[in-house]
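Undergrad: Sharing input23.pdb (PDB, C-alpha atoms, pLDDT in the B column) below.
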```
ATOM      1  CA  LYS A   1     169.834 -56.762-262.916  1.00 76.00           C
ATOM      2  CA  THR A   2     167.909 -56.780-266.167  1.00 78.00           C
ATOM      3  CA  ALA A   3     164.125 -56.970-266.270  1.00 82.00           C
ATOM      4  CA  TYR A   4     164.461 -60.537-267.566  1.00 85.00           C
ATOM      5  CA  GLU A   5     166.582 -61.560-264.588  1.00 82.00           C
ATOM      6  CA  ILE A   6     163.991 -60.163-262.220  1.00 82.00           C
ATOM      7  CA  VAL A   7     160.868 -61.693-263.806  1.00 88.00           C
ATOM      8  CA  SER A   8     162.472 -64.959-264.915  1.00 86.00           C
ATOM      9  CA  ARG A   9     163.392 -66.029-261.389  1.00 83.00           C
ATOM     10  CA  ASP A  10     159.683 -66.253-260.594  1.00 84.00           C
ATOM     11  CA  TRP A  11     158.109 -66.803-264.001  1.00 84.00           C
ATOM     12  CA  SER A  12     160.446 -68.984-266.093  1.00 88.00           C
ATOM     13  CA  SER A  13     160.044 -72.639-265.230  1.00 88.00           C
ATOM     14  CA  ASP A  14     161.810 -74.389-268.113  1.00 89.00           C
ATOM     15  CA  VAL A  15     164.029 -73.570-271.095  1.00 92.00           C
ATOM     16  CA  CYS A  16     164.400 -75.883-274.117  1.00 91.00           C
ATOM     17  CA  SER A  17     166.450 -75.332-277.252  1.00 90.00           C
ATOM     18  CA  SER A  18     166.849 -76.651-280.742  1.00 80.00           C
ATOM     19  CA  ASP A  19     170.245 -77.182-282.326  1.00 72.00           C
ATOM     20  CA  LEU A  20     169.669 -74.179-284.585  1.00 90.00           C
ATOM     21  CA  SER A  21     168.084 -70.941-283.497  1.00 95.00           C
ATOM     22  CA  LEU A  22     164.934 -71.622-281.496  1.00 97.00           C
ATOM     23  CA  VAL A  23     164.464 -71.540-277.743  1.00 97.00           C
ATOM     24  CA  VAL A  24     161.249 -72.161-275.813  1.00 97.00           C
ATOM     25  CA  VAL A  25     160.788 -70.642-272.360  1.00 96.00           C
ATOM     26  CA  ARG A  26     157.911 -72.077-270.355  1.00 96.00           C
ATOM     27  CA  THR A  27     156.091 -69.950-267.796  1.00 95.00           C
ATOM     28  CA  PRO A  28     153.070 -70.289-265.527  1.00 94.00           C
ATOM     29  CA  PRO A  29     149.756 -69.644-267.344  1.00 96.00           C
ATOM     30  CA  GLY A  30     149.263 -65.993-268.218  1.00 96.00           C
ATOM     31  CA  CYS A  31     152.895 -64.971-267.645  1.00 95.00           C
ATOM     32  CA  ALA A  32     154.541 -65.465-271.035  1.00 97.00           C
ATOM     33  CA  HIS A  33     153.872 -61.912-272.249  1.00 96.00           C
ATOM     34  CA  VAL A  34     155.697 -60.456-269.233  1.00 95.00           C
ATOM     35  CA  VAL A  35     158.764 -62.655-269.796  1.00 95.00           C
ATOM     36  CA  ALA A  36     158.753 -61.957-273.551  1.00 96.00           C
ATOM     37  CA  SER A  37     158.516 -58.215-273.017  1.00 96.00           C
ATOM     38  CA  ALA A  38     161.409 -58.308-270.563  1.00 94.00           C
ATOM     39  CA  LEU A  39     163.487 -60.281-273.058  1.00 95.00           C
ATOM     40  CA  ASP A  40     162.635 -57.921-275.916  1.00 95.00           C
ATOM     41  CA  ARG A  41     163.707 -54.928-273.822  1.00 93.00           C
ATOM     42  CA  SER A  42     166.853 -56.615-272.502  1.00 92.00           C
ATOM     43  CA  GLY A  43     169.057 -55.816-275.471  1.00 91.00           C
ATOM     44  CA  MET A  44     170.535 -59.304-275.136  1.00 93.00           C
ATOM     45  CA  THR A  45     173.144 -59.888-277.818  1.00 95.00           C
ATOM     46  CA  GLY A  46     172.068 -62.607-280.222  1.00 96.00           C
ATOM     47  CA  LEU A  47     168.359 -62.488-279.370  1.00 97.00           C
ATOM     48  CA  ILE A  48     166.496 -61.493-282.523  1.00 97.00           C
ATOM     49  CA  GLY A  49     163.020 -61.468-280.960  1.00 97.00           C
ATOM     50  CA  THR A  50     160.266 -63.296-279.131  1.00 98.00           C
ATOM     51  CA  VAL A  51     156.679 -64.457-279.633  1.00 98.00           C
ATOM     52  CA  ALA A  52     154.542 -65.015-276.543  1.00 98.00           C
ATOM     53  CA  GLY A  53     151.570 -67.271-276.042  1.00 98.00           C
ATOM     54  CA  ASP A  54     149.809 -67.857-272.734  1.00 97.00           C
ATOM     55  CA  ASP A  55     152.465 -69.954-271.003  1.00 97.00           C
ATOM     56  CA  THR A  56     155.216 -70.261-273.625  1.00 97.00           C
ATOM     57  CA  VAL A  57     157.714 -67.834-275.166  1.00 97.00           C
ATOM     58  CA  LEU A  58     159.394 -68.662-278.470  1.00 97.00           C
ATOM     59  CA  CYS A  59     162.795 -66.942-278.744  1.00 97.00           C
ATOM     60  CA  VAL A  60     164.750 -66.670-281.972  1.00 97.00           C
ATOM     61  CA  ALA A  61     168.542 -66.574-281.695  1.00 97.00           C
ATOM     62  CA  SER A  62     170.931 -65.191-284.284  1.00 96.00           C
ATOM     63  CA  GLU A  63     172.900 -67.671-286.373  1.00 94.00           C
ATOM     64  CA  GLN A  64     176.082 -66.527-284.664  1.00 95.00           C
ATOM     65  CA  LEU A  65     174.777 -67.268-281.171  1.00 96.00           C
ATOM     66  CA  GLY A  66     172.501 -70.244-281.837  1.00 96.00           C
ATOM     67  CA  GLY A  67     169.693 -71.733-279.802  1.00 96.00           C
ATOM     68  CA  ARG A  68     171.784 -73.767-277.391  1.00 95.00           C
ATOM     69  CA  LYS A  69     173.952 -70.850-276.300  1.00 96.00           C
ATOM     70  CA  LEU A  70     170.937 -68.562-275.941  1.00 96.00           C
ATOM     71  CA  ALA A  71     169.150 -71.228-273.883  1.00 96.00           C
ATOM     72  CA  ASP A  72     172.218 -71.560-271.645  1.00 95.00           C
ATOM     73  CA  GLN A  73     172.247 -67.786-271.079  1.00 95.00           C
ATOM     74  CA  LEU A  74     168.533 -67.684-270.319  1.00 94.00           C
ATOM     75  CA  ARG A  75     168.798 -70.631-267.912  1.00 94.00           C
ATOM     76  CA  GLN A  76     171.675 -68.993-266.076  1.00 93.00           C
ATOM     77  CA  LEU A  77     169.848 -65.671-265.740  1.00 90.00           C
ATOM     78  CA  ALA A  78     166.691 -67.452-264.541  1.00 91.00           C
ATOM     79  CA  GLY A  79     168.535 -69.734-262.122  1.00 91.00           C
ATOM     80  CA  ILE A  80     167.202 -72.867-263.822  1.00 90.00           C
ATOM     81  CA  ASP A  81     169.156 -76.096-263.337  1.00 82.00           C
ATOM     82  CA  LYS A  82     170.393 -77.360-266.711  1.00 70.00           C
ATOM     83  CA  LYS A  83     169.809 -80.981-265.642  1.00 57.00           C
ATOM     84  CA  LYS A  84     166.081 -80.232-265.412  1.00 53.00           C
ATOM     85  CA  VAL A  85     165.938 -79.162-269.048  1.00 48.00           C
ATOM     86  CA  THR A  86     166.028 -81.138-272.286  1.00 50.00           C
ATOM     87  CA  SER A  87     167.327 -80.089-275.652  1.00 49.00           C
ATOM     88  CA  HIS A  88     165.228 -80.792-278.724  1.00 52.00           C
ATOM     89  CA  GLY A  89     166.444 -81.083-282.265  1.00 50.00           C
TER      90      GLY A  89
END
```
Would you mind writing the file out in structure tokens?
TA:
Amino acid sequence: KTAYEIVSRDWSSDVCSSDLSLVVVRTPPGCAHVVASALDRSGMTGLIGTVAGDDTVLCVASEQLGGRKLADQLRQLAGIDKKKVTSHG
């Protein structure tokens, strides 16, 4: 398992995407930096980088992958039900 898979099961509560290249991962307060660091170290294809706040991680997807596909991958790794999540854009 990747570091993201391990931390996201406990610390990723929601994943939202835009139609283009942005994905937002919501976490409990104070946990976003841990999730962002795990994502940055994951080597995930199509993930350009992350920016972490207190309880939110902004992920930037490559044009080839796109935000929706990246969000789907992150949801799957985190075990988040897609029905729970909304897409923005």
Undergrad: Quick one, how far is CA of Val35 (chain A) from CA of Ala3 (chain A)?
TA: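 Distance between the two atoms: 8.6 Å.
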Undergrad: Using all atoms listed in the file, which protein or nucleic acid residues come within 8 Å of Val23 (chain A)? Drop anything in the same chain fewer than 2 positions from it, and give the result as a list in words.
TA: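 The contact residues come out as Val15, Cys16, Ser17, Ser18, Ser21, Val25, Leu58, Cys59, Val60, Ala61, Gly67, Arg68, Leu70 and Ala71 of chain A.
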Undergrad: For Ala52 (chain A), find every residue with an atom within 8 Å (counting all atoms listed in the file), except residues of its own chain fewer than 3 positions away, and show them as a list in words.
TA: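 Answer for this query is Ala32, His33, Ala36, Asp55, Thr56, Val57 and Leu58 of chain A.
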Undergrad: Please list as a PyMOL selection string every residue within 10 Å of Lys69 (chain A), counting all atoms listed in the file and excluding residues in the same chain fewer than 3 positions away.
TA: chain A and resi 17+19-21+23+46+61+64-66+72-75
Undergrad: At what distance in Å, to one decimal, does CA of Pro28 (chain A) lie from CA of Glu63 (chain A)?
TA: 28.9 Å
Undergrad: With only C-alpha atoms as the basis for distance, which of A:Ser8, A:Ile48, A:Gly53, A:Asp14 is at the shortest distance from Gly30 (chain A)?
TA: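 Ranked by minimum distance to Gly30 (chain A), first place goes to A:Gly53.
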Undergrad: Expand the PyMOL selection byres ((chain A and resi 7) around 12) into the individual residues it matches in the shown file, reporting them as a list in words.
TA: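 Answer for the PyMOL selection byres ((chain A and resi 7) around 12): Lys1, Thr2, Ala3, Tyr4, Glu5, Ile6, Ser8, Arg9, Asp10, Trp11, Ser12, Ser13, Thr27, Pro28, Cys31, Ala32, His33, Val34, Val35, Ala36, Ser37, Ala38, Leu39, Ser42, Leu74, Leu77, Ala78 and Gly79 of chain A.
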Undergrad: If I only have part of region 59-78 of chain A, can you fill in N, CA and C atoms and write it as a PDB file, keeping the file's coordinate frame?
TA:
```pdb
ATOM      1  N   CYS A  59     161.702 -67.893-278.530  1.00 97.00           N
ATOM      2  CA  CYS A  59     162.795 -66.942-278.744  1.00 97.00           C
ATOM      3  C   CYS A  59     163.577 -67.369-279.971  1.00 97.00           C
ATOM      4  N   VAL A  60     163.962 -66.396-280.779  1.00 97.00           N
ATOM      5  CA  VAL A  60     164.750 -66.670-281.972  1.00 97.00           C
ATOM      6  C   VAL A  60     166.145 -66.092-281.764  1.00 97.00           C
ATOM      7  N   ALA A  61     167.145 -66.972-281.870  1.00 97.00           N
ATOM      8  CA  ALA A  61     168.542 -66.574-281.695  1.00 97.00           C
ATOM      9  C   ALA A  61     169.178 -66.291-283.052  1.00 97.00           C
ATOM     10  N   SER A  62     170.181 -65.443-283.053  1.00 96.00           N
ATOM     11  CA  SER A  62     170.931 -65.191-284.284  1.00 96.00           C
ATOM     12  C   SER A  62     171.716 -66.445-284.656  1.00 96.00           C
ATOM     13  N   GLU A  63     172.098 -66.532-285.923  1.00 94.00           N
ATOM     14  CA  GLU A  63     172.900 -67.671-286.373  1.00 94.00           C
ATOM     15  C   GLU A  63     174.232 -67.726-285.639  1.00 94.00           C
ATOM     16  N   GLN A  64     174.798 -66.566-285.350  1.00 95.00           N
ATOM     17  CA  GLN A  64     176.082 -66.527-284.664  1.00 95.00           C
ATOM     18  C   GLN A  64     175.993 -67.097-283.248  1.00 95.00           C
ATOM     19  N   LEU A  65     174.921 -66.795-282.544  1.00 96.00           N
ATOM     20  CA  LEU A  65     174.777 -67.268-281.171  1.00 96.00           C
ATOM     21  C   LEU A  65     174.226 -68.690-281.136  1.00 96.00           C
ATOM     22  N   GLY A  66     173.131 -68.926-281.824  1.00 96.00           N
ATOM     23  CA  GLY A  66     172.501 -70.244-281.837  1.00 96.00           C
ATOM     24  C   GLY A  66     171.601 -70.483-280.646  1.00 96.00           C
ATOM     25  N   GLY A  67     170.688 -71.432-280.822  1.00 96.00           N
ATOM     26  CA  GLY A  67     169.693 -71.733-279.802  1.00 96.00           C
ATOM     27  C   GLY A  67     170.267 -72.289-278.515  1.00 96.00           C
ATOM     28  N   ARG A  68     171.237 -73.164-278.614  1.00 95.00           N
ATOM     29  CA  ARG A  68     171.784 -73.767-277.391  1.00 95.00           C
ATOM     30  C   ARG A  68     172.469 -72.745-276.497  1.00 95.00           C
ATOM     31  N   LYS A  69     173.258 -71.869-277.105  1.00 96.00           N
ATOM     32  CA  LYS A  69     173.952 -70.850-276.300  1.00 96.00           C
ATOM     33  C   LYS A  69     172.967 -69.858-275.704  1.00 96.00           C
ATOM     34  N   LEU A  70     171.949 -69.465-276.484  1.00 96.00           N
ATOM     35  CA  LEU A  70     170.937 -68.562-275.941  1.00 96.00           C
ATOM     36  C   LEU A  70     170.202 -69.236-274.792  1.00 96.00           C
ATOM     37  N   ALA A  71     169.838 -70.501-274.956  1.00 96.00           N
ATOM     38  CA  ALA A  71     169.150 -71.228-273.883  1.00 96.00           C
ATOM     39  C   ALA A  71     170.015 -71.290-272.631  1.00 96.00           C
ATOM     40  N   ASP A  72     171.306 -71.531-272.798  1.00 95.00           N
ATOM     41  CA  ASP A  72     172.218 -71.560-271.645  1.00 95.00           C
ATOM     42  C   ASP A  72     172.220 -70.214-270.921  1.00 95.00           C
ATOM     43  N   GLN A  73     172.261 -69.124-271.686  1.00 95.00           N
ATOM     44  CA  GLN A  73     172.247 -67.786-271.079  1.00 95.00           C
ATOM     45  C   GLN A  73     170.944 -67.530-270.334  1.00 95.00           C
ATOM     46  N   LEU A  74     169.834 -67.907-270.952  1.00 94.00           N
ATOM     47  CA  LEU A  74     168.533 -67.684-270.319  1.00 94.00           C
ATOM     48  C   LEU A  74     168.382 -68.521-269.056  1.00 94.00           C
ATOM     49  N   ARG A  75     168.838 -69.775-269.110  1.00 94.00           N
ATOM     50  CA  ARG A  75     168.798 -70.631-267.912  1.00 94.00           C
ATOM     51  C   ARG A  75     169.603 -70.014-266.778  1.00 94.00           C
ATOM     52  N   GLN A  76     170.802 -69.567-267.104  1.00 93.00           N
ATOM     53  CA  GLN A  76     171.675 -68.993-266.076  1.00 93.00           C
ATOM     54  C   GLN A  76     171.030 -67.761-265.438  1.00 93.00           C
ATOM     55  N   LEU A  77     170.494 -66.877-266.259  1.00 90.00           N
ATOM     56  CA  LEU A  77     169.848 -65.671-265.740  1.00 90.00           C
ATOM     57  C   LEU A  77     168.627 -65.999-264.890  1.00 90.00           C
ATOM     58  N   ALA A  78     167.910 -67.068-265.268  1.00 91.00           N
ATOM     59  CA  ALA A  78     166.691 -67.452-264.541  1.00 91.00           C
ATOM     60  C   ALA A  78     166.975 -68.351-263.344  1.00 91.00           C
TER      61      ALA A  78
END
```
